[in-house]
Structures are given as structure tokens and as C-alpha cells.
>>> print(open('work16.cif').read())   # mmCIF, C-alpha atoms and all ligand atoms
data_protein
#
loop_
_atom_site.label_atom_id
_atom_site.label_comp_id
_atom_site.auth_asym_id
_atom_site.auth_seq_id
_atom_site.Cartn_x
_atom_site.Cartn_y
_atom_site.Cartn_z
CA MET A 1 123.78 128.22 64.91
CA GLU A 2 124.77 125.36 62.57
CA LEU A 3 121.86 123.82 60.69
CA ALA A 4 123.28 120.23 60.84
CA SER A 5 123.42 120.24 64.58
CA SER A 6 119.80 121.42 65.01
CA PRO A 7 117.98 118.93 67.28
CA ASP A 8 114.76 119.44 65.28
CA LEU A 9 116.49 118.54 62.02
CA SER A 10 118.13 115.46 63.56
CA LEU A 11 114.78 114.29 64.87
CA GLY A 12 113.20 114.87 61.44
CA LEU A 13 115.94 112.88 59.70
CA ASP A 14 115.56 110.10 62.21
CA ILE A 15 111.77 109.86 61.62
CA TRP A 16 112.32 109.96 57.85
CA LYS A 17 114.74 106.99 58.11
CA ARG A 18 112.41 105.01 60.37
CA LEU A 19 109.59 105.48 57.86
CA GLU A 20 111.71 103.98 55.08
CA PRO A 21 109.92 100.55 55.06
CA PHE A 22 106.52 102.29 54.84
CA ARG A 23 107.74 104.57 52.05
CA SER A 24 109.09 101.55 50.13
CA PHE A 25 105.80 99.70 50.56
CA TYR A 26 103.86 102.75 49.40
CA TYR A 27 106.02 103.18 46.27
CA HIS A 28 105.76 99.46 45.58
CA MET A 29 101.96 99.62 45.78
CA LEU A 30 101.92 102.73 43.63
CA ALA A 31 104.01 100.99 40.96
CA LYS A 32 101.64 97.98 41.05
CA ARG A 33 98.60 100.22 40.66
CA GLU A 34 100.24 102.02 37.75
CA GLU A 35 101.05 98.73 36.02
CA LEU A 36 97.52 97.51 36.66
CA SER A 37 96.06 100.66 35.22
CA ARG A 38 98.29 100.30 32.11
CA LEU A 39 97.51 96.59 31.57
CA SER A 40 93.78 96.90 32.19
CA ALA A 41 93.26 100.01 30.04
CA PRO A 42 92.79 98.11 26.73
CA LEU A 43 90.37 95.68 28.43
CA LYS A 44 87.88 98.33 29.55
CA THR A 45 84.39 97.14 28.70
CA SER A 46 83.56 100.40 26.90
CA LEU A 47 86.63 100.01 24.66
CA GLN A 48 85.88 96.35 23.94
CA LEU A 49 82.31 97.25 22.97
CA THR A 50 83.53 100.06 20.71
CA GLN A 51 85.85 97.59 19.00
CA LEU A 52 82.99 95.11 18.60
CA ALA A 53 80.64 97.76 17.22
CA ALA A 54 83.24 98.71 14.58
CA ALA A 55 82.49 95.41 12.79
CA PRO A 56 78.68 95.17 13.04
CA ARG A 57 76.50 92.22 12.03
CA ARG A 58 73.26 92.39 10.10
CA ALA A 59 70.14 91.31 12.01
CA ASP A 60 69.83 88.10 9.93
CA GLU A 61 73.55 87.31 9.83
CA PRO A 62 74.69 84.28 11.89
CA TYR A 63 77.78 84.66 14.07
CA GLN A 64 79.57 83.00 16.97
CA PHE A 65 80.83 84.07 20.35
CA ALA A 66 82.55 82.15 23.13
CA VAL A 67 81.68 81.67 26.79
CA LEU A 68 84.43 80.91 29.27
CA GLY A 69 83.78 80.16 32.93
CA ASP A 70 85.70 80.74 36.14
CA VAL A 71 89.47 80.94 35.83
CA GLU A 72 90.69 81.98 39.31
CA PRO A 73 93.37 79.51 40.43
CA GLY A 74 92.06 78.78 43.98
CA ARG A 75 92.32 81.07 46.97
CA PHE A 76 94.26 78.82 49.32
CA TRP A 77 97.46 76.88 48.78
CA ILE A 78 95.93 73.52 49.69
CA TRP A 79 93.08 73.95 47.20
CA ARG A 80 95.52 74.85 44.46
CA LYS A 81 97.67 71.87 45.35
CA LEU A 82 94.79 69.40 45.46
CA PHE A 83 92.47 70.56 42.70
CA ASN A 84 94.10 73.10 40.40
CA ARG A 85 95.64 72.38 37.04
CA PRO A 86 97.94 75.28 36.14
CA GLY A 87 97.92 76.70 32.62
CA VAL A 88 94.37 75.68 31.67
CA PHE A 89 93.16 79.27 31.30
CA SER A 90 95.96 80.13 28.84
CA ARG A 91 95.42 76.93 26.88
CA GLN A 92 91.73 77.64 26.51
CA ILE A 93 92.30 81.24 25.43
CA ARG A 94 94.77 79.99 22.81
CA ALA A 95 92.34 77.28 21.65
CA LEU A 96 89.67 79.94 21.20
CA GLN A 97 91.84 81.64 18.58
CA ASP A 98 91.06 78.79 16.18
CA HIS A 99 87.40 79.79 16.04
CA PRO A 100 85.92 82.79 14.26
CA VAL A 101 84.23 84.11 17.40
CA ASP A 102 83.22 87.77 17.45
CA PHE A 103 83.92 88.06 21.18
CA THR A 104 84.49 86.07 24.34
CA MET A 105 82.40 86.51 27.46
CA GLN A 106 84.11 85.48 30.67
CA LEU A 107 81.63 84.60 33.38
CA GLY A 108 83.52 86.02 36.37
CA ASP A 109 85.95 84.90 39.06
CA MET A 110 89.01 85.94 37.12
CA VAL A 111 91.00 86.26 40.34
CA SER A 112 90.88 84.49 43.71
CA ARG A 113 90.47 87.77 45.56
CA GLY A 114 90.08 91.27 44.11
CA ILE A 115 93.46 92.73 45.01
CA ALA A 116 96.01 94.37 42.72
CA ARG A 117 98.53 91.51 42.80
CA ASN A 118 95.93 88.99 41.62
CA TYR A 119 94.54 91.23 38.89
CA LEU A 120 98.08 91.88 37.66
CA ARG A 121 98.69 88.14 37.35
CA PHE A 122 95.42 87.77 35.44
CA PHE A 123 96.14 90.59 32.99
CA ARG A 124 99.70 89.38 32.37
CA GLU A 125 98.48 85.86 31.64
CA LEU A 126 95.69 87.10 29.42
CA ARG A 127 98.02 89.38 27.49
CA LYS A 128 100.48 86.53 26.93
CA ALA A 129 97.71 84.26 25.63
CA GLY A 130 96.42 87.14 23.47
CA PRO A 131 92.64 86.79 23.11
CA GLY A 132 92.85 88.78 19.85
CA ARG A 133 89.16 89.63 19.65
CA PRO A 134 87.00 91.57 22.14
CA TYR A 135 87.06 90.10 25.63
CA LEU A 136 84.16 90.96 27.90
CA THR A 137 83.61 90.06 31.53
CA VAL A 138 80.98 89.62 34.19
CA ILE A 139 82.03 90.30 37.77
CA GLY A 140 82.23 87.26 40.10
CA ASN A 141 82.26 87.16 43.90
CA HIS A 142 86.00 86.44 43.89
CA ASP A 143 86.62 89.60 41.84
CA ARG A 144 85.48 91.65 44.83
CA LEU A 145 87.81 92.58 47.68
CA ASP A 146 86.53 89.63 49.69
CA PRO A 147 84.77 86.78 47.91
CA HIS A 148 82.44 85.74 50.73
CA LEU A 149 82.05 88.70 53.09
CA ARG A 150 80.49 92.10 52.58
CA SER A 151 83.07 93.92 50.46
CA ASN A 152 83.49 96.28 47.54
CA SER A 153 84.09 95.82 43.81
CA ARG A 154 86.16 99.00 43.42
CA LEU A 155 89.17 97.38 41.78
CA TYR A 156 87.09 95.44 39.23
CA ARG A 157 85.24 98.63 38.32
CA SER A 158 88.47 100.59 37.99
CA CYS A 159 89.81 97.92 35.61
CA PHE A 160 86.70 97.18 33.54
CA GLY A 161 83.96 99.72 34.25
CA SER A 162 80.29 99.16 35.02
CA THR A 163 79.21 95.79 36.45
CA ASN A 164 75.79 95.95 34.77
CA TYR A 165 75.71 96.63 31.06
CA PHE A 166 74.13 95.55 27.80
CA PHE A 167 74.83 95.74 24.08
CA ASP A 168 73.17 94.73 20.83
CA ARG A 169 74.79 92.72 18.09
CA GLY A 170 73.05 91.52 14.93
CA GLY A 171 69.66 90.23 15.95
CA ALA A 172 70.45 89.82 19.65
CA ARG A 173 70.71 91.81 22.86
CA PHE A 174 73.30 90.75 25.44
CA VAL A 175 72.94 91.67 29.10
CA ALA A 176 75.59 91.28 31.83
CA ILE A 177 74.22 91.60 35.35
CA ASP A 178 76.14 91.69 38.63
CA THR A 179 75.28 88.98 41.17
CA SER A 180 78.75 89.06 42.75
CA ALA A 181 77.41 90.25 46.12
CA LYS A 182 75.09 87.21 46.17
CA HIS A 183 71.91 89.18 45.62
CA LEU A 184 70.13 91.39 43.14
CA ARG A 185 68.89 94.79 44.26
CA PRO A 186 65.40 96.03 43.26
CA SER A 187 67.06 98.72 41.11
CA GLN A 188 68.99 96.03 39.20
CA LEU A 189 65.80 94.02 38.66
CA ARG A 190 63.99 97.09 37.34
CA TRP A 191 66.91 97.82 35.02
CA LEU A 192 66.97 94.18 33.81
CA ASP A 193 63.24 94.22 33.10
CA ARG A 194 63.65 97.44 31.14
CA VAL A 195 66.61 96.34 28.99
CA LEU A 196 64.96 92.99 28.22
CA ARG A 197 61.95 94.80 26.76
CA THR A 198 63.04 94.28 23.15
CA SER A 199 62.00 92.22 20.15
CA LEU A 200 65.63 91.09 19.68
CA ARG A 201 66.83 87.68 20.87
CA LYS A 202 67.98 87.92 24.46
CA VAL A 203 71.06 86.44 26.15
CA VAL A 204 71.90 87.08 29.81
CA PHE A 205 75.23 86.54 31.55
CA THR A 206 75.73 86.48 35.29
CA HIS A 207 78.13 84.82 37.69
CA ILE A 208 76.12 83.21 40.50
CA PRO A 209 73.15 80.95 39.72
CA PRO A 210 69.82 81.80 41.36
CA ALA A 211 69.19 79.53 44.36
CA PRO A 212 66.10 77.81 42.88
CA LEU A 213 68.35 76.02 40.36
CA ARG A 214 69.00 73.55 43.12
CA ALA A 215 70.62 70.90 40.99
CA TRP A 216 73.61 73.23 41.15
CA THR A 217 73.09 75.28 44.28
CA ASP A 218 72.40 72.62 46.91
CA PHE A 219 75.45 71.49 48.86
CA PRO A 220 75.22 68.37 51.03
CA GLY A 221 74.44 68.98 54.71
CA VAL A 222 73.79 72.72 54.47
CA LYS A 223 70.81 74.99 53.82
CA PRO A 224 69.16 74.25 50.44
CA GLY A 225 70.27 76.57 47.62
CA VAL A 226 73.25 77.89 49.57
CA GLY A 227 75.49 77.83 46.49
CA GLY A 228 73.26 80.34 44.69
CA PHE A 229 71.93 83.81 45.39
CA GLN A 230 68.63 84.07 47.27
CA ARG A 231 67.62 87.73 47.46
CA GLY A 232 66.09 88.76 44.14
CA ALA A 233 66.34 85.23 42.69
CA ALA A 234 62.60 84.60 42.27
CA GLU A 235 62.05 88.04 40.69
CA PHE A 236 65.10 87.51 38.43
CA MET A 237 63.75 84.21 37.11
CA GLU A 238 60.25 85.61 36.70
CA ILE A 239 61.59 88.47 34.56
CA LEU A 240 63.66 86.08 32.41
CA SER A 241 60.62 83.87 31.80
CA ARG A 242 58.26 86.75 31.11
CA ARG A 243 60.70 88.43 28.74
CA ARG A 244 61.30 85.08 26.99
CA VAL A 245 65.07 85.15 27.32
CA ASP A 246 66.75 82.74 24.92
CA ARG A 247 69.70 81.81 27.11
CA VAL A 248 71.29 82.49 30.49
CA TYR A 249 74.98 81.66 31.05
CA LEU A 250 76.22 81.23 34.62
CA GLY A 251 79.48 80.37 36.35
CA HIS A 252 80.51 80.10 40.03
CA ILE A 253 80.01 76.32 40.32
CA HIS A 254 83.02 74.70 38.71
CA GLY A 255 81.39 72.33 36.31
CA PHE A 256 78.97 72.11 33.40
CA GLY A 257 75.21 71.67 33.25
CA VAL A 258 71.99 72.66 31.53
CA GLN A 259 68.58 73.22 33.06
CA ASP A 260 65.33 74.30 31.46
CA TYR A 261 63.26 76.16 34.01
CA LYS A 262 59.93 77.85 33.31
CA GLY A 263 60.67 78.26 29.62
CA VAL A 264 64.24 79.55 29.98
CA ARG A 265 67.42 77.59 29.34
CA TYR A 266 70.16 78.08 31.94
CA VAL A 267 73.66 76.90 31.02
CA LEU A 268 76.27 76.44 33.73
CA SER A 269 79.83 76.90 32.51
CA GLY A 270 82.34 77.06 35.34
CA GLY A 271 85.19 75.10 33.77
CA GLY A 272 87.40 77.91 32.44
CA GLY A 273 90.45 76.90 34.44
CA SER A 274 89.57 77.12 38.15
CA PRO A 275 90.02 74.08 40.40
CA LEU A 276 87.37 71.44 39.75
CA PHE A 277 86.28 71.06 43.36
CA PRO A 278 84.12 68.09 44.34
CA SER A 279 80.46 69.18 44.18
CA LYS A 280 76.99 67.95 43.44
CA VAL A 281 77.54 68.84 39.78
CA ARG A 282 78.61 65.59 38.24
CA ASP A 283 79.96 66.98 34.98
CA ARG A 284 83.16 68.68 36.07
CA PHE A 285 85.60 69.23 33.22
CA TYR A 286 87.55 72.08 31.67
CA HIS A 287 85.78 73.57 28.69
CA TYR A 288 84.58 76.62 26.85
CA ILE A 289 81.38 77.01 24.85
CA LEU A 290 81.00 78.19 21.27
CA VAL A 291 77.62 79.84 20.85
CA THR A 292 76.03 80.45 17.46
CA VAL A 293 73.38 83.13 17.14
CA SER A 294 71.25 83.00 13.99
CA SER A 295 67.73 83.75 12.86
CA GLY A 296 66.94 80.14 13.86
CA GLY A 297 67.95 80.70 17.49
CA VAL A 298 70.87 80.12 19.82
CA THR A 299 72.86 76.87 19.69
CA GLU A 300 75.99 75.71 21.52
CA THR A 301 78.98 73.46 21.04
CA VAL A 302 80.84 72.56 24.22
CA CYS A 303 84.60 72.21 23.65
CA GLY A 304 86.56 70.23 26.22
CA LEU A 305 90.20 70.81 27.00
CA ASP A 306 90.89 67.23 25.91
CA GLY A 307 89.59 68.02 22.40
CA GLY A 308 86.16 66.41 22.88
CA ARG A 309 83.12 68.29 21.58
CA PHE A 310 79.39 67.96 21.80
CA GLY A 311 76.32 70.02 21.01
CA ILE A 312 73.68 70.79 23.61
CA PRO A 313 70.43 69.12 22.52
CA ALA A 314 67.62 71.46 21.48
CA GLY A 315 64.90 69.54 23.37
CA GLN A 316 64.28 69.93 27.08
CA VAL A 317 67.23 68.66 29.09
CA LEU A 318 68.38 68.46 32.66
CA LEU A 319 72.06 67.67 32.80
CA SER A 320 74.22 67.44 35.85
CA PHE A 321 71.73 66.54 38.50
FE FE B 401 82.21 82.48 42.27
#
>>> encode(input="work16.cif", output="C-alpha cells")
Amino acid sequence: MELASSPDLSLGLDIWKRLEPFRSFYYHMLAKREELSRLSAPLKTSLQLTQLAAAPRRADEPYQFAVLGDVEPGRFWIWRKLFNRPGVFSRQIRALQDHPVDFTMQLGDMVSRGIARNYLRFFRELRKAGPGRPYLTVIGNHDRLDPHLRSNSRLYRSCFGSTNYFFDRGGARFVAIDTSAKHLRPSQLRWLDRVLRTSLRKVVFTHIPPAPLRAWTDFPGVKPGVGGFQRGAAEFMEILSRRRVDRVYLGHIHGFGVQDYKGVRYVLSGGGGSPLFPSKVRDRFYHYILVTVSSGGVTETVCGLDGGRFGIPAGQVLLSF
């Protein structure tokens, strides 16, 4: 019997050929994942923190860091067309190089949807702009597989690591907490309360504002506070007040604002490069924030893309109502 004329072999070859498009797709996806793994490896949170810890600050030594808000370019074509301004993210990363910041904290929503293609675009753009110094992130709802439905954060975690973490630098403790699923679990709240039990200054970063900050979270014609997270919000704010947190930085709403609420200052910074959608927040402009930490406290300078700068007043303020 000749092998080439075997009906079984012919059938096998035929199936193999028919599967060609699927094999190509699989290899394509594999190549993307490999590139993503290579590009994201240096940006792992643990590596960034090791790099930061290699140049420590004394407890009384003043230093600066930068806060950059949402940078995802808009999920749908029409939004990008109407509201996006391409290249802002890169320009702001380059502008940051002129300042002696110890690190940058990005407040989430790096990508429009947490899939490999989008993360690849983000890492390529970031690499080209070259942040130079440690670059840390908070996960946003858009960094998950689906930004608005129940979904997972697997890809973010494989690129960066844990979505809840903290570190100390000089006289301050910094805490990043994951509100990307639009709630805080009791275990997260217990963890937050525990890590905020310190005599150091305390700075918290998270993506979505708690619903009670209604100057930012109310959208016209819908349920009050819908733009923020509800479950765990009251407990979150109670912990921040009780632990006397110096500052909370939030993104998600593409604009800028400051609110003092029960002794805690909340700063909204969602102007990293994402489309400036119409919203209740009046102050919508591209910017990053330079934050100075010193023995005297925490102070900020807001730097606009147009070159304008201003300091946030120390007294009680309510901006962007
Ligand atoms: Fe968001």
C-alpha cells in the first residue's frame, strides 16, 4: 500500500489545509502576546518600585512626583473623531522630562479596552516618549477586558502586577487601590485601613471617584452619582477621613477639579490625553500635575498642555462644580 494514496492521510492533509486561517490567527496572537510580554516587562510595578527604592529619600527631604490622568484615545471611532486630540499623551510624557520628578503615577485608563492590541499600542507609544524615571499605574475600568460590563483584569495584571499596592518614600506612604470594577470589596477596605495606619504622610491613588463626590459623578438626567463607584464608597471615604489622608488623586472623569470633603482633599486629574468629553466638570483641559512632598505637606502645580501653570490653593476649595 502506498502511503500517499491513503484515504486517511488525504483527509488529514485536507483538514490541516482548511485549518490554515485558524493556525495563522493563533500564531499572530501568539506573536502579539510575546511582544506584549517583552514590552511590558520593564514596566512591571515591582521593577519600577525596586528602581525607585534604589535612590531613597530622607524623611525630611522634599521631592516631586507627577500625576497623569486618563490617556486612552476613545473606544469608538466617532468619539475619537469628535473629541480626541492625537499625540497629547506623548507630548505630556515628553514635557514631564523637564521636571526632576522621582516618579510618575498614571491614574488608569491607559487603553480603551484591555486587549493585547491596545496595550501594545500603549507600550509602543510610551517607549517612544521615554518616561525615563519610574512609571507607576493604577488600573482603570477601560484597562479591564470590558470597561463597563463584568469582566476581568487579567491582561493588566500580567503586564503590571498587583492592582492594589503601596510603597513608602521619604516621609510619605503611597497607596494605589483598584476601583476599576466600580466597587470596593470589604477585603480591599480592610487592607486600605491597615496600610493607612502609619504616622507617615498619606497619598492615595485610585481611578474612579466615589459616588458622593457628586460635583463630578452626577450626569444630567440619570441616577445621582452614576459616574462614580457606589459599593464601598462611604466606607472608603470614612477610612480616608479617619486616617487623615493628605491627598487622594482620581481620574475617570476627563477634566480637572478639587474638592475638600470631610477633611480630605480629593483632586480629579483626568486630562492625560483622553478625549475631553462634554460633562458636568467645567474645567476640561489637558494637563499633568507636579506634586511636591515636604515636611510642610503636599502641594501641587497644575501644568497645562498649552504651557499655562497654576498652584492649587491651600485653603478649602471647591473647583469644577
Ligand atoms: Fe475610566
>>> residues_around(input="work16.cif", residues="Pro56 (chain A)", least_positions_apart="5", cutoff="10 Å", atoms="all atoms listed in the file", output="MDAnalysis selection string")
chainID A and resid 51 61 102 168:170
>>> closest_residue(input="work16.cif", among="A:Gly114, A:Gly132, A:Pro73, A:Gly140", to="Ala176 (chain A)", atoms="all atoms listed in the file")
A:Gly140
>>> closest_residue(input="work16.cif", among="A:Asp246, A:Asp283, A:Glu125, A:Glu35", to="Pro86 (chain A)", atoms="all atoms listed in the file")
A:Glu125
>>> residues_near_ligand(input="work16.cif", ligand="ligand FE 401 (chain B)", cutoff="6 Å", atoms="all atoms listed in the file", output="PyMOL selection string")
chain A and resi 109+140-142+252
>>> atom_distance(input="work16.cif", atom1="CA of Ile253 (chain A)", atom2="CA of Gly272 (chain A)")
10.9 Å
>>> closest_atom_pairs(input="work16.cif", of="region 47-77 of chain A", to="region 206-228 of chain A", cutoff="12 Å", atoms="all atoms listed in the file", output="Markdown table")
| residue | atom | partner | partner_atom | distance |
| --- | --- | --- | --- | --- |
| A:Val67 | CA | A:Thr206 | CA | 11.4 |
| A:Leu68 | CA | A:His207 | CA | 11.2 |
| A:Gly69 | CA | A:His207 | CA | 8.7 |
| A:Asp70 | CA | A:His207 | CA | 8.7 |
>>> write_last_selection(input="work16.cif", atoms="C-alpha atoms", output="short mmCIF file (atom, residue, chain, number, x, y, z; two decimals), in the frame of the given file")
data_model
loop_
_atom_site.label_atom_id
_atom_site.label_comp_id
_atom_site.auth_asym_id
_atom_site.auth_seq_id
_atom_site.Cartn_x
_atom_site.Cartn_y
_atom_site.Cartn_z
CA VAL A 67 81.68 81.67 26.79
CA LEU A 68 84.43 80.91 29.27
CA GLY A 69 83.78 80.16 32.93
CA ASP A 70 85.70 80.74 36.14
#
>>> residues_around(input="work16.cif", residues="Pro278 (chain A)", least_positions_apart="2", cutoff="10 Å", atoms="only C-alpha atoms", output="PDB file with C-alpha atoms, keeping the file's coordinate frame")
ATOM      1  CA  PHE A  83      92.470  70.560  42.700  1.00  0.00           C
ATOM      2  CA  HIS A 254      83.020  74.700  38.710  1.00  0.00           C
ATOM      3  CA  GLY A 255      81.390  72.330  36.310  1.00  0.00           C
ATOM      4  CA  PRO A 275      90.020  74.080  40.400  1.00  0.00           C
ATOM      5  CA  LEU A 276      87.370  71.440  39.750  1.00  0.00           C
ATOM      6  CA  LYS A 280      76.990  67.950  43.440  1.00  0.00           C
ATOM      7  CA  VAL A 281      77.540  68.840  39.780  1.00  0.00           C
ATOM      8  CA  ARG A 282      78.610  65.590  38.240  1.00  0.00           C
ATOM      9  CA  ARG A 284      83.160  68.680  36.070  1.00  0.00           C
TER      10      ARG A 284
END
>>> closest_residue(input="work16.cif", among="A:Cys159, A:Val101, A:Leu149, A:Pro134", to="Tyr63 (chain A)", atoms="only C-alpha atoms")
A:Val101
>>> closest_residue(input="work16.cif", among="A:Gly273, A:Leu196, A:Ile312, A:Leu52", to="Ser112 (chain A)", atoms="only C-alpha atoms")
A:Gly273
>>> atom_distance(input="work16.cif", atom1="CA of Lys32 (chain A)", atom2="CA of Arg127 (chain A)")
16.5 Å
>>> closest_residue(input="work16.cif", among="A:Ser151, A:Thr198, A:Gln259, A:Ser269", to="Ala181 (chain A)", atoms="all atoms listed in the file")
A:Ser151
>>> closest_residue(input="work16.cif", among="A:Cys303, A:Leu290, A:Leu184, A:Val245", to="Thr104 (chain A)", atoms="all atoms listed in the file")
A:Leu290
>>> atom_distance(input="work16.cif", atom1="CA of Leu240 (chain A)", atom2="CA of Ser180 (chain A)")
18.5 Å
>>> residues_around(input="work16.cif", residues="Ala116 (chain A)", least_positions_apart="2", cutoff="10 Å", atoms="all atoms listed in the file", output="ChimeraX atom specification")
/A:29,32-33,35-37,111,113-114,118-122,145,155-156
>>> residues_around(input="work16.cif", residues="region 160-162 of chain A", least_positions_apart="5", cutoff="7 Å", atoms="only C-alpha atoms", output="JSON, numbers by chain")
{"A": [43, 44, 45]}
>>> residues_near_point(input="work16.cif", point="(96.5, 75.5, 30.1)", cutoff="12 Å", atoms="all atoms listed in the file", output="MDAnalysis selection string")
chainID A and resid 71 73 84:95 125:126 129 271:274 286:287 304:306
>>> axis_aligned_box(input="work16.cif", around="region 96-114 of chain A", padding_each_side="6 Å", output="AutoDock Vina command-line options")
--center_x 86.7 --center_y 85.0 --center_z 29.9 --size_x 22.2 --size_y 24.5 --size_z 43.3
>>> closest_atom_pairs(input="work16.cif", of="region 115-184 of chain A", to="region 74-79 of chain A", cutoff="12 Å", atoms="all atoms listed in the file", output="CSV")
residue,atom,partner,partner_atom,distance
A:Ile115,CA,A:Arg75,CA,11.9
A:Asn118,CA,A:Arg75,CA,10.2
A:His142,CA,A:Arg75,CA,8.8
A:Asp143,CA,A:Arg75,CA,11.5
A:Asp146,CA,A:Arg75,CA,10.7
A:Pro147,CA,A:Arg75,CA,9.5
A:His148,CA,A:Arg75,CA,11.6
>>> residues_around(input="work16.cif", residues="Phe65 (chain A)", least_positions_apart="4", cutoff="12 Å", atoms="all atoms listed in the file", output="PyMOL selection string")
chain A and resi 52+96-97+99-106+133-136+169+172+174+203+288-294+298-301
>>> write_last_selection(input="work16.cif", atoms="C-alpha atoms", output="mmCIF file, keeping the file's coordinate frame")
data_model
loop_
_atom_site.group_PDB
_atom_site.id
_atom_site.type_symbol
_atom_site.label_atom_id
_atom_site.label_comp_id
_atom_site.auth_asym_id
_atom_site.auth_seq_id
_atom_site.Cartn_x
_atom_site.Cartn_y
_atom_site.Cartn_z
ATOM 1 C CA LEU A 52 82.990 95.110 18.600
ATOM 2 C CA LEU A 96 89.670 79.940 21.200
ATOM 3 C CA GLN A 97 91.840 81.640 18.580
ATOM 4 C CA HIS A 99 87.400 79.790 16.040
ATOM 5 C CA PRO A 100 85.920 82.790 14.260
ATOM 6 C CA VAL A 101 84.230 84.110 17.400
ATOM 7 C CA ASP A 102 83.220 87.770 17.450
ATOM 8 C CA PHE A 103 83.920 88.060 21.180
ATOM 9 C CA THR A 104 84.490 86.070 24.340
ATOM 10 C CA MET A 105 82.400 86.510 27.460
ATOM 11 C CA GLN A 106 84.110 85.480 30.670
ATOM 12 C CA ARG A 133 89.160 89.630 19.650
ATOM 13 C CA PRO A 134 87.000 91.570 22.140
ATOM 14 C CA TYR A 135 87.060 90.100 25.630
ATOM 15 C CA LEU A 136 84.160 90.960 27.900
ATOM 16 C CA ARG A 169 74.790 92.720 18.090
ATOM 17 C CA ALA A 172 70.450 89.820 19.650
ATOM 18 C CA PHE A 174 73.300 90.750 25.440
ATOM 19 C CA VAL A 203 71.060 86.440 26.150
ATOM 20 C CA TYR A 288 84.580 76.620 26.850
ATOM 21 C CA ILE A 289 81.380 77.010 24.850
ATOM 22 C CA LEU A 290 81.000 78.190 21.270
ATOM 23 C CA VAL A 291 77.620 79.840 20.850
ATOM 24 C CA THR A 292 76.030 80.450 17.460
ATOM 25 C CA VAL A 293 73.380 83.130 17.140
ATOM 26 C CA SER A 294 71.250 83.000 13.990
ATOM 27 C CA VAL A 298 70.870 80.120 19.820
ATOM 28 C CA THR A 299 72.860 76.870 19.690
ATOM 29 C CA GLU A 300 75.990 75.710 21.520
ATOM 30 C CA THR A 301 78.980 73.460 21.040
#
>>> decode(input="work16.cif", residues="region 123-137 of chain A", atoms="C-alpha atoms", output="mmCIF file, in the first residue's frame")
data_model
loop_
_atom_site.group_PDB
_atom_site.id
_atom_site.type_symbol
_atom_site.label_atom_id
_atom_site.label_comp_id
_atom_site.auth_asym_id
_atom_site.auth_seq_id
_atom_site.Cartn_x
_atom_site.Cartn_y
_atom_site.Cartn_z
ATOM 1 C CA PHE A 123 3.573 50.405 25.402
ATOM 2 C CA ARG A 124 4.992 51.360 21.994
ATOM 3 C CA GLU A 125 3.903 54.976 22.451
ATOM 4 C CA LEU A 126 5.208 55.103 25.994
ATOM 5 C CA ARG A 127 8.548 53.614 24.985
ATOM 6 C CA LYS A 128 8.923 56.144 22.166
ATOM 7 C CA ALA A 129 8.183 59.046 24.528
ATOM 8 C CA GLY A 130 10.589 57.517 27.079
ATOM 9 C CA PRO A 131 9.372 58.394 30.580
ATOM 10 C CA GLY A 132 12.953 57.968 31.854
ATOM 11 C CA ARG A 133 12.056 57.691 35.524
ATOM 12 C CA PRO A 134 9.818 55.130 37.276
ATOM 13 C CA TYR A 135 6.324 54.966 35.821
ATOM 14 C CA LEU A 136 3.604 53.551 38.038
ATOM 15 C CA THR A 137 -0.028 52.882 37.249
#
